[in-house]
Amino acid sequence: KTRRDFIKISTAGAGAAAISFKAFGSKGFGLFESKIEGPASDEDLTPYPTYCEVCFWKCAAWAYVDKSGTIRKVIGNKNDPHCNGRLCPRGTGGVGMVYDEDRLKTPLIRDTRKDGSQYFREATWDEALNKVADKMKEVKEKYGPEAFGLFNHGTPGGQFHHLLKAYGSESNAEPAFANCRGPRSSAYFSTFGAYVGSPENTDIRDTKCLVLIGSHIGENMHNSQVQEMSDAIDKGATIITVDPRFSTAAAHSNHWLSIKPATDIALLMAWIHVLVFEELYNKDYVEQYTFGLDYLKDHVKDMTPEWAYGITTIEPEEIRKTARAMAGAAPSVIIHPGRHVVWYGDDTQRGRATAILNALLGAWGKRGGFYFPEGVSVPAFPHPHFPEPKWTWKDWNEGRYPLATMGITTEALKASVPRYNYKHQLKAWLVAGTNLPLSMPDKRLFKEAADAVEFIAVMDTMPMDITGYADVVLPEATYLERYDALRASPNREPNIALRMPAIEPKYDSKPGWWIAKQIGERLGLHDYFNYDDYSEVIDWQLKQLGTSLEEMKKVGVKKYPRKSGPLYLGDDEDFEFNTTTGKIELYSVDFADHGFDAIPKYTKHPEPQPNYYRLIYGRAPMHTFSRTSNNPNLFDLMSENSVWVNPKVADLWELENGQEVWLKNQDGAITSFPVKVRVTERIRWDSVYMVHGFGHSNKKLSRAFGKGASDTEMVTNVMVDPIMGGTGMRGNFITFLTEDPVMEGKEVKA
Ligand code: MGD
Ligand code: SF4
């Protein structure tokens with residue numbers, strides 16, 4: 001029995017009526033215009049500006065509210081470069097987050113009955129906030145504020161990050177870094193001295209050749225990127241997709257390279273070989289802007305397409321043909337840097353290989369390649385300096401992962417478990433906007449850490465799996481019911497977007513800014529929260545930016561002229577890159593200084609044992625991670641995942657389409673729920689594929705509970721990237737159990 005039992009949240013309260021939401025019209029790769037059935041005409045509706053929180057593309061939108069205070073539709077803001085007036089199905093269905101009757105409705109506090117069993121009881125805000133503030137005071141006195149950690153994701157996390165810094169801690173970690181994009185950041189920064197950002201600075205709309213390496217645009221529905229890819233295809237761009245699975249993007253491609261999983265670096269190096277030895281690279285560009293061509297030439301001399309064929313299973317002629325297609329399109333060519341890139345633990349090096357290819361093709365800073373993005377710098381609302389913490393997330397790493405730029409989630413977990421004996425330990429957590437049991441690989445480590453810490457407070461909108469581990473649950477209002485920080489992501493044109501409440505928070509939920517401020521006030525940190533309402537902060541910031549809350553309420557998005565110069569490099573323009581040599585580094589001086597390979601090498605990864613298949617996973621256009629599985633609108637579009645199995649494998653196992661199986665991995669972990677088989681040629685015989693984010697274990701998610709299986713439960717082997725701590729998750733292999741392992745009494749579930 002653990003110190004903190006997992007509690008399936010029990011909350012009272014009447015369900016809210018979910019609004020009717022059916023009529024979609026399709027466009028492009030299934031981008032939808034929002035249309036809601038119902039009598040209200042636009043004249044009867046009041047629009048409120050917001051930006052979407054269903055994924056992290058943050059499309060600006062208008063929420064239309066009728067006279068009864070019901071949101072009738074959410075549609076894209078036409079002036080917004082993230083969406084160009086069109087939301088994806090998830091964004092349109094985001095209103096389901098408001099009207100989901102399973103929402104967290106009131107603060108909850110863990111309590112123990114006389115018989116020792118644990119449960120959540122409803123609490124007032126005052127009691128819940130006092131409890132969090134009292135624990136923060138206690139931790140500060142006993143261990144120092146640094147021992148209070150934060151796991152955060154999305155805008156709600158930002159409010160708590162401010163609170164933590166004011167309190168004296170910078171012990172925070174986000175899955176969006178170590179479990180997702182971190183390797184890409186280290187790779188592109190070490191090559192170009194710049195990040196690719198979100199939205200990525202890929203100039204897809206004008207590209208002549210787009211190369212996707214396991215990055216399935218179209219399923220990974222990042223709005224304007226999908227629209228631009230659709231435009232590029234219409235204009236005749238060549239699309240090359242490298243994926244062991246025949247993805248939506250592969251179906252729209254001129255070349256689908258069905259690569260053997262875990263061998264991408266070999267293909268990338270062979271492409272580099274062809275460009276260098278067939279002298280197809282952009283000579284003037286390379287000479288003017290790059291450093292290390294001679295080292296690179298020497299390094300790749302034996303990495304021929306024939307060498308790569310034996311590793312990747314891709315024919316040498318196909319490798320040559322595709323390399324030549326890229327060179328023919330250069331510099332209007334993009335080797336897409338990817339987004340969720342934590343695969344095999346050498347992911348920063350794979351990112352470097354794509355960056356080097358982009359550099360050889362002269363694509364960085366060129367039309368149809370990568371543009372130079374520019375963002376608006378939003379001034380911070382005045383507050384005293386943050387206290388200097390004695391240690392931060394960097395100290396967990398103890399010299400490892402030197403190029404990590406943010407806290408590493410798995411390190412935060414280890415720092416919470418005494419047996420790892422970290423010099424700096426976490427004793428309590430705040431968790432805001434991240435569902436760790438489904439997003440953290442190695443669930444055993446997560447459980448051990450959650451059990452070891454003295455206290456966990458979770459701020460969420462839904463009774464997600466993570467809330468079952470909390471001591472205090474803080475119900476946040478959804479994004480359509482609150483103010484949040486201004487959106488100011490860099491883009492072609494600098495711009496800002498406003499999120500304001502379209503309706504009052506439902507139930508007893510509160511905006512994140514209010515929750516953070518209330519805790520802050522209880523800790524004597526008023527000067528860091530010197531406002532009554534967050535609209536004061538936004539109005540002050542907007543005035544510094546030459547506009548006002550009043551104006552932004554009318555327009556939602558405001559664009560500014562660029563100050564940093566043109567979008568692209570001029571012909572022969574002198575340019576100093578923000579790297580050690582001031583050049584684009586084909587040979588990374590920084591990596592060499594830290595003892596890492598200065599130019600990427602292919603390393604062989606473990607292969608599946610007989611009867612086991614590599615588990616690969618990805619996204620579906622109607623869901624984002626685990627956060628949308630219970631959304632009534634999106635559940636209607638896709639209610640569960642399936643496991644894709646090649647017909648040859650299905651024959652061998654006598655599996656049929658739609659048959660339920662349990663999955664078991666190389667370490668004996670078994671999925672908690674069964675998953676349906678989908679027999680399809682679209683996956684290679686050595687792998688299986690699942691959409692991530694299903695298999696929820698909290699019964700209070702009345703729709704999503706037990707629907708589909710969780711890929712995360714199968715990720716017990718984590719291949720850590722030594723450069724920045726990324727959690728490579730694709731070194732896991734599964735086999736099939738065709739009968740319920742518990743009913744059979746043969747297996748103990750993981
Ligand atoms: P979600 O699953 O979307 O993201 O993992 P998470 O950060 O855990 O969970 C977000 C949580 O935020 C949910 O509990 C949701 O209810 C809550 N939430 C939503 N809106 C709000 C809000 O407005 N306020 C508050 N307070 N809470 C809100 C994502 C992470 O997972 C990432 S970024 C990646 S790329 C990885 N993907 C991935 C994978 O593909 N496979 C496996 N096995 N693991 C993965 N882990 C990583
Ligand atoms: Fe929302 Fe879709 Fe835009 Fe993501 S891409 S922010 S889900 S509309």
# chains A, B, ... in the order shown; residues from 1 in each chain; ligands from 1
>>> residues_near_ligand(ligand="ligand 2", cutoff="10 Å", atoms="only C-alpha atoms and all ligand atoms", output="number ranges by chain")
A: 31-32, 51-61, 74-76, 82-83, 85-94, 220-226, 621-624, 628
>>> residues_around(residues="Phe192 of chain A", least_positions_apart="2", cutoff="7 Å", atoms="only C-alpha atoms", output="list in words")
Tyr188, Phe189, Ser190, Ala194, Phe577, Asn578, Thr579, Ile584 and Glu585 of chain A
>>> write_last_selection(atoms="N, CA and C atoms", output="CSV table (one decimal), in the first residue's frame")
chain,number,residue,atom,x,y,z
A,188,TYR,N,19.3,22.7,-33.3
A,188,TYR,CA,19.3,23.9,-34.2
A,188,TYR,C,20.1,25.0,-33.6
A,189,PHE,N,20.1,25.1,-32.2
A,189,PHE,CA,20.8,26.2,-31.6
A,189,PHE,C,22.3,26.0,-31.9
A,190,SER,N,22.8,24.7,-31.8
A,190,SER,CA,24.2,24.5,-31.9
A,190,SER,C,24.6,24.6,-33.4
A,194,ALA,N,20.2,29.6,-33.3
A,194,ALA,CA,18.8,30.0,-33.2
A,194,ALA,C,17.9,28.8,-33.1
A,577,PHE,N,26.1,34.5,-37.4
A,577,PHE,CA,25.3,33.6,-36.6
A,577,PHE,C,25.7,33.6,-35.2
A,578,ASN,N,24.7,33.3,-34.3
A,578,ASN,CA,24.9,33.3,-32.9
A,578,ASN,C,25.6,32.0,-32.4
A,579,THR,N,26.6,31.6,-33.0
A,579,THR,CA,27.3,30.3,-32.6
A,579,THR,C,28.8,30.7,-32.2
A,584,ILE,N,27.4,29.1,-39.5
A,584,ILE,CA,26.5,27.9,-39.3
A,584,ILE,C,27.5,26.7,-39.1
A,585,GLU,N,27.3,26.0,-38.0
A,585,GLU,CA,28.4,25.0,-37.7
A,585,GLU,C,28.0,23.6,-38.2
>>> residues_around(residues="segment 465-475 of chain A", least_positions_apart="3", cutoff="8 Å", atoms="only C-alpha atoms", output="PyMOL selection string")
chain A and resi 4-9+104-110+128+131-132+434-438+450+455-462+508-510+696-698
>>> write_last_selection(atoms="C-alpha atoms", output="tab-separated table (two decimals), in the first residue's frame")
chain	number	residue	atom	x	y	z
A	4	ARG	CA	-0.91	8.17	-1.20
A	5	ASP	CA	-3.59	5.94	-2.67
A	6	PHE	CA	-4.74	6.72	-6.16
A	7	ILE	CA	-8.21	8.16	-5.71
A	8	LYS	CA	-10.82	8.10	-8.41
A	9	ILE	CA	-12.27	11.53	-7.91
A	104	LEU	CA	-13.69	19.43	-11.82
A	105	LYS	CA	-16.31	21.54	-10.10
A	106	THR	CA	-14.96	22.45	-6.69
A	107	PRO	CA	-11.67	22.29	-4.78
A	108	LEU	CA	-11.00	18.87	-3.29
A	109	ILE	CA	-8.87	17.76	-0.35
A	110	ARG	CA	-7.58	14.24	0.30
A	128	ALA	CA	-7.76	24.53	-0.24
A	131	LYS	CA	-3.59	24.16	2.70
A	132	VAL	CA	-1.31	24.76	-0.30
A	434	THR	CA	0.08	18.26	-17.33
A	435	ASN	CA	-1.23	14.74	-16.93
A	436	LEU	CA	1.98	13.06	-15.79
A	437	PRO	CA	0.76	9.43	-15.54
A	438	LEU	CA	0.08	9.48	-19.28
A	450	ALA	CA	4.57	10.66	-6.44
A	455	PHE	CA	2.58	16.84	-0.86
A	456	ILE	CA	1.09	17.28	-4.34
A	457	ALA	CA	-1.28	20.06	-5.43
A	458	VAL	CA	-2.79	19.68	-8.90
A	459	MET	CA	-4.46	22.44	-10.88
A	460	ASP	CA	-6.51	21.00	-13.75
A	461	THR	CA	-9.86	21.44	-15.44
A	462	MET	CA	-10.69	17.72	-15.56
A	508	ASP	CA	-16.72	26.82	-8.53
A	509	SER	CA	-13.74	26.89	-10.91
A	510	LYS	CA	-11.35	29.86	-10.95
A	696	HIS	CA	-7.37	6.60	-19.09
A	697	SER	CA	-7.61	4.99	-15.67
A	698	ASN	CA	-9.79	7.51	-13.82
>>> residues_around(residues="Met724 of chain A", least_positions_apart="5", cutoff="12 Å", atoms="only C-alpha atoms", output="PyMOL selection string")
chain A and resi 177-187+190+342+345-349+394+397+399-411+591+594+596+719
>>> write_last_selection(atoms="C-alpha atoms", output="PDB file, in the first residue's frame")
ATOM      1  CA  PHE A 177      11.058  20.037 -23.286  1.00  0.00           C
ATOM      2  CA  ALA A 178      12.543  16.700 -22.253  1.00  0.00           C
ATOM      3  CA  ASN A 179       9.640  14.565 -23.529  1.00  0.00           C
ATOM      4  CA  CYS A 180       9.206  16.403 -26.789  1.00  0.00           C
ATOM      5  CA  ARG A 181      11.074  19.255 -28.454  1.00  0.00           C
ATOM      6  CA  GLY A 182      14.237  19.600 -26.391  1.00  0.00           C
ATOM      7  CA  PRO A 183      16.599  17.725 -28.755  1.00  0.00           C
ATOM      8  CA  ARG A 184      15.472  19.897 -31.641  1.00  0.00           C
ATOM      9  CA  SER A 185      16.300  23.042 -29.662  1.00  0.00           C
ATOM     10  CA  SER A 186      19.838  21.866 -28.844  1.00  0.00           C
ATOM     11  CA  ALA A 187      20.391  20.696 -32.427  1.00  0.00           C
ATOM     12  CA  SER A 190      24.211  24.490 -31.945  1.00  0.00           C
ATOM     13  CA  VAL A 342      12.472  12.049 -28.445  1.00  0.00           C
ATOM     14  CA  GLY A 345      18.281   8.871 -27.162  1.00  0.00           C
ATOM     15  CA  ASP A 346      20.496  10.133 -30.022  1.00  0.00           C
ATOM     16  CA  ASP A 347      17.826  12.584 -31.038  1.00  0.00           C
ATOM     17  CA  THR A 348      19.877  15.777 -30.759  1.00  0.00           C
ATOM     18  CA  GLN A 349      22.316  14.230 -33.214  1.00  0.00           C
ATOM     19  CA  LYS A 394      20.078  22.560 -13.296  1.00  0.00           C
ATOM     20  CA  ASN A 397      21.626  17.149 -13.489  1.00  0.00           C
ATOM     21  CA  GLY A 399      26.988  18.017 -14.670  1.00  0.00           C
ATOM     22  CA  ARG A 400      25.053  15.701 -16.996  1.00  0.00           C
ATOM     23  CA  TYR A 401      23.043  16.945 -19.982  1.00  0.00           C
ATOM     24  CA  PRO A 402      25.082  20.172 -20.344  1.00  0.00           C
ATOM     25  CA  LEU A 403      22.928  21.538 -23.159  1.00  0.00           C
ATOM     26  CA  ALA A 404      19.581  21.231 -21.353  1.00  0.00           C
ATOM     27  CA  THR A 405      17.900  24.625 -21.392  1.00  0.00           C
ATOM     28  CA  MET A 406      14.908  23.649 -19.253  1.00  0.00           C
ATOM     29  CA  GLY A 407      14.193  21.305 -16.354  1.00  0.00           C
ATOM     30  CA  ILE A 408      14.172  17.615 -17.305  1.00  0.00           C
ATOM     31  CA  THR A 409      11.003  15.869 -16.139  1.00  0.00           C
ATOM     32  CA  THR A 410      12.601  12.491 -15.407  1.00  0.00           C
ATOM     33  CA  GLU A 411      15.328  14.226 -13.398  1.00  0.00           C
ATOM     34  CA  PHE A 591      29.549  19.716 -28.926  1.00  0.00           C
ATOM     35  CA  HIS A 594      31.543  19.069 -24.239  1.00  0.00           C
ATOM     36  CA  PHE A 596      30.086  14.934 -27.830  1.00  0.00           C
ATOM     37  CA  MET A 719      16.776   6.008 -23.892  1.00  0.00           C
TER      38      MET A 719
END
>>> residues_around(residues="Val211 of chain A", least_positions_apart="5", cutoff="8 Å", atoms="only C-alpha atoms", output="JSON list (two decimals) with N, CA and C atoms, in the first residue's frame")
[["chain", "number", "residue", "atom", "x", "y", "z"],
["A", 239, "ILE", "N", 7.02, 16.38, -52.16],
["A", 239, "ILE", "CA", 6.97, 15.99, -50.74],
["A", 239, "ILE", "C", 7.64, 14.63, -50.59],
["A", 240, "ILE", "N", 8.58, 14.59, -49.66],
["A", 240, "ILE", "CA", 9.30, 13.34, -49.38],
["A", 240, "ILE", "C", 9.02, 12.99, -47.92],
["A", 241, "THR", "N", 8.42, 11.85, -47.69],
["A", 241, "THR", "CA", 8.10, 11.47, -46.31],
["A", 241, "THR", "C", 8.85, 10.20, -45.93],
["A", 242, "VAL", "N", 9.55, 10.29, -44.82],
["A", 242, "VAL", "CA", 10.30, 9.14, -44.31],
["A", 242, "VAL", "C", 9.57, 8.66, -43.08],
["A", 333, "VAL", "N", 13.82, 24.66, -49.98],
["A", 333, "VAL", "CA", 13.67, 23.27, -49.55],
["A", 333, "VAL", "C", 13.72, 23.25, -48.02],
["A", 334, "ILE", "N", 12.95, 22.34, -47.44],
["A", 334, "ILE", "CA", 12.91, 22.25, -45.97],
["A", 334, "ILE", "C", 13.05, 20.78, -45.57],
["A", 335, "ILE", "N", 14.09, 20.48, -44.81],
["A", 335, "ILE", "CA", 14.11, 19.19, -44.12],
["A", 335, "ILE", "C", 13.47, 19.54, -42.78],
["A", 336, "HIS", "N", 12.24, 19.12, -42.59],
["A", 336, "HIS", "CA", 11.50, 19.58, -41.41],
["A", 336, "HIS", "C", 12.18, 19.11, -40.13]]
>>> atom_distance(atom1="atom CA of Ala237 of chain A", atom2="atom CA of Ala251 of chain A")
14.3 Å
>>> closest_residue(among="A:Ala415, A:Ala432, A:Ala308, A:Leu212", to="Met464 of chain A", atoms="only C-alpha atoms")
A:Ala432
>>> closest_residue(among="A:Val589, A:Leu480, A:Ile515, A:Ala485", to="Gly96 of chain A", atoms="only C-alpha atoms")
A:Leu480
>>> closest_residue(among="A:Lys554, A:Lys583, A:Arg103, A:His383", to="ligand 1", atoms="only C-alpha atoms and all ligand atoms")
A:Arg103
>>> select_by_dssp(residues="segment 586-687 of chain A", states="strand (DSSP E)", output="PyMOL selection string")
chain A and resi 613-618+642-645+660-665+675-679+687
>>> write_last_selection(atoms="N, CA and C atoms", output="compact mmCIF listing (two decimals), in the first residue's frame")
# COMPACT_ATOMS: atom_id res chain seq x y z
N TYR A 613 7.49 -6.64 -31.43
CA TYR A 613 7.45 -5.63 -32.49
C TYR A 613 7.72 -4.27 -31.87
N ARG A 614 8.40 -3.41 -32.63
CA ARG A 614 8.72 -2.09 -32.08
C ARG A 614 7.44 -1.26 -31.97
N LEU A 615 7.25 -0.63 -30.81
CA LEU A 615 6.07 0.21 -30.62
C LEU A 615 6.39 1.63 -31.09
N ILE A 616 5.68 2.06 -32.12
CA ILE A 616 5.77 3.49 -32.49
C ILE A 616 4.39 4.11 -32.26
N TYR A 617 4.39 5.38 -32.00
CA TYR A 617 3.14 6.04 -31.63
C TYR A 617 3.11 7.41 -32.27
N GLY A 618 1.93 8.00 -32.32
CA GLY A 618 1.82 9.32 -32.93
C GLY A 618 0.52 9.98 -32.55
N SER A 642 -6.39 2.34 -31.68
CA SER A 642 -6.29 0.93 -32.05
C SER A 642 -4.81 0.63 -32.22
N VAL A 643 -4.48 -0.64 -32.34
CA VAL A 643 -3.08 -0.97 -32.59
C VAL A 643 -2.98 -1.45 -34.03
N TRP A 644 -2.15 -0.75 -34.82
CA TRP A 644 -2.00 -1.08 -36.23
C TRP A 644 -1.03 -2.26 -36.35
N VAL A 645 -1.49 -3.27 -37.08
CA VAL A 645 -0.70 -4.49 -37.23
C VAL A 645 -0.63 -4.85 -38.71
N GLU A 660 -9.93 -7.60 -29.79
CA GLU A 660 -9.27 -6.92 -28.67
C GLU A 660 -8.07 -7.74 -28.19
N VAL A 661 -6.96 -7.02 -27.98
CA VAL A 661 -5.76 -7.68 -27.43
C VAL A 661 -5.19 -6.81 -26.32
N TRP A 662 -4.42 -7.42 -25.44
CA TRP A 662 -3.63 -6.67 -24.48
C TRP A 662 -2.20 -6.66 -25.02
N LEU A 663 -1.48 -5.63 -24.70
CA LEU A 663 -0.10 -5.58 -25.15
C LEU A 663 0.81 -5.80 -23.95
N LYS A 664 1.90 -6.49 -24.21
CA LYS A 664 2.88 -6.74 -23.15
C LYS A 664 4.24 -6.33 -23.69
N ASN A 665 5.03 -5.63 -22.88
CA ASN A 665 6.32 -5.18 -23.44
C ASN A 665 7.48 -6.03 -22.95
N VAL A 675 -6.95 -3.27 -26.40
CA VAL A 675 -7.01 -2.33 -27.51
C VAL A 675 -7.38 -3.12 -28.77
N LYS A 676 -8.14 -2.49 -29.66
CA LYS A 676 -8.58 -3.22 -30.86
C LYS A 676 -7.48 -3.26 -31.91
N VAL A 677 -7.40 -4.37 -32.60
CA VAL A 677 -6.42 -4.55 -33.67
C VAL A 677 -6.93 -3.90 -34.95
N ARG A 678 -6.08 -3.19 -35.64
CA ARG A 678 -6.41 -2.71 -36.98
C ARG A 678 -5.39 -3.32 -37.93
N VAL A 679 -5.84 -4.23 -38.75
CA VAL A 679 -4.91 -4.90 -39.67
C VAL A 679 -4.74 -3.99 -40.89
N SER A 687 6.98 -3.49 -36.83
CA SER A 687 6.52 -2.47 -35.88
C SER A 687 5.01 -2.54 -35.71
>>> residues_around(residues="Asn732 of chain A", least_positions_apart="5", cutoff="12 Å", atoms="only C-alpha atoms", output="ChimeraX atom specification")
/A:261-262,343-344,441-442,605-609,612-617,663-669,687-689,711-719
>>> write_last_selection(atoms="C-alpha atoms", output="short mmCIF file (atom, residue, chain, number, x, y, z; two decimals), in the first residue's frame")
data_model
loop_
_atom_site.label_atom_id
_atom_site.label_comp_id
_atom_site.auth_asym_id
_atom_site.auth_seq_id
_atom_site.Cartn_x
_atom_site.Cartn_y
_atom_site.Cartn_z
CA PRO A 261 12.68 2.31 -37.48
CA ALA A 262 15.66 3.65 -35.51
CA TRP A 343 12.86 8.65 -30.04
CA TYR A 344 16.13 6.80 -29.50
CA PRO A 441 7.64 7.46 -19.70
CA ASP A 442 8.49 4.89 -17.05
CA HIS A 605 19.90 0.47 -31.62
CA PRO A 606 18.48 -2.72 -30.13
CA GLU A 607 16.10 -4.71 -32.32
CA PRO A 608 12.95 -6.55 -31.27
CA GLN A 609 13.34 -10.11 -30.00
CA TYR A 612 8.08 -8.75 -30.40
CA TYR A 613 7.45 -5.63 -32.49
CA ARG A 614 8.72 -2.09 -32.08
CA LEU A 615 6.07 0.21 -30.62
CA ILE A 616 5.77 3.49 -32.49
CA TYR A 617 3.14 6.04 -31.63
CA LEU A 663 -0.10 -5.58 -25.15
CA LYS A 664 2.88 -6.74 -23.15
CA ASN A 665 6.32 -5.18 -23.44
CA GLN A 666 9.89 -6.43 -23.12
CA ASP A 667 9.91 -5.71 -19.37
CA GLY A 668 6.66 -7.61 -18.72
CA ALA A 669 4.45 -4.49 -18.42
CA SER A 687 6.52 -2.47 -35.88
CA VAL A 688 3.09 -1.68 -34.49
CA TYR A 689 1.56 1.77 -34.20
CA ASP A 711 1.11 3.60 -25.12
CA THR A 712 2.86 5.19 -22.14
CA GLU A 713 2.33 2.02 -20.10
CA MET A 714 4.48 0.23 -22.67
CA VAL A 715 7.31 2.78 -22.40
CA THR A 716 9.41 1.39 -19.57
CA ASN A 717 12.73 1.61 -21.39
CA VAL A 718 13.77 5.24 -21.68
CA MET A 719 16.78 6.01 -23.89
#
>>> select_by_dssp(residues="segment 36-267 of chain A", states="helix (DSSP H, G or I)", output="VMD selection string")
chain A and resid 42 to 44 89 to 99 125 to 143 145 to 147 154 to 167 175 to 192 204 to 206 223 to 234 248 to 251 264 to 267
>>> residues_around(residues="Phe148 of chain A", least_positions_apart="2", cutoff="12 Å", atoms="only C-alpha atoms", output="ChimeraX atom specification")
/A:132-133,135-146,150-151,160-161,163-165,167-173,389,391-393,412,415-416,424-431,453-457
>>> closest_residue(among="A:Ile599, A:Gln288, A:Asp572, A:Ala249", to="Ala355 of chain A", atoms="only C-alpha atoms")
A:Ile599
>>> closest_residue(among="A:Thr46, A:Thr322, A:Gln227, A:Thr155", to="ligand 1", atoms="only C-alpha atoms and all ligand atoms")
A:Thr155
>>> closest_residue(among="A:Gly154, A:Pro47, A:Pro505, A:Gly375", to="Lys73 of chain A", atoms="only C-alpha atoms")
A:Pro47
>>> atom_distance(atom1="atom CA of Pro331 of chain A", atom2="atom CA of Trp364 of chain A")
8.1 Å
>>> atom_distance(atom1="atom 11 (C, counted along the ligand's line) of ligand 1", atom2="atom CA of His153 of chain A")
7.5 Å
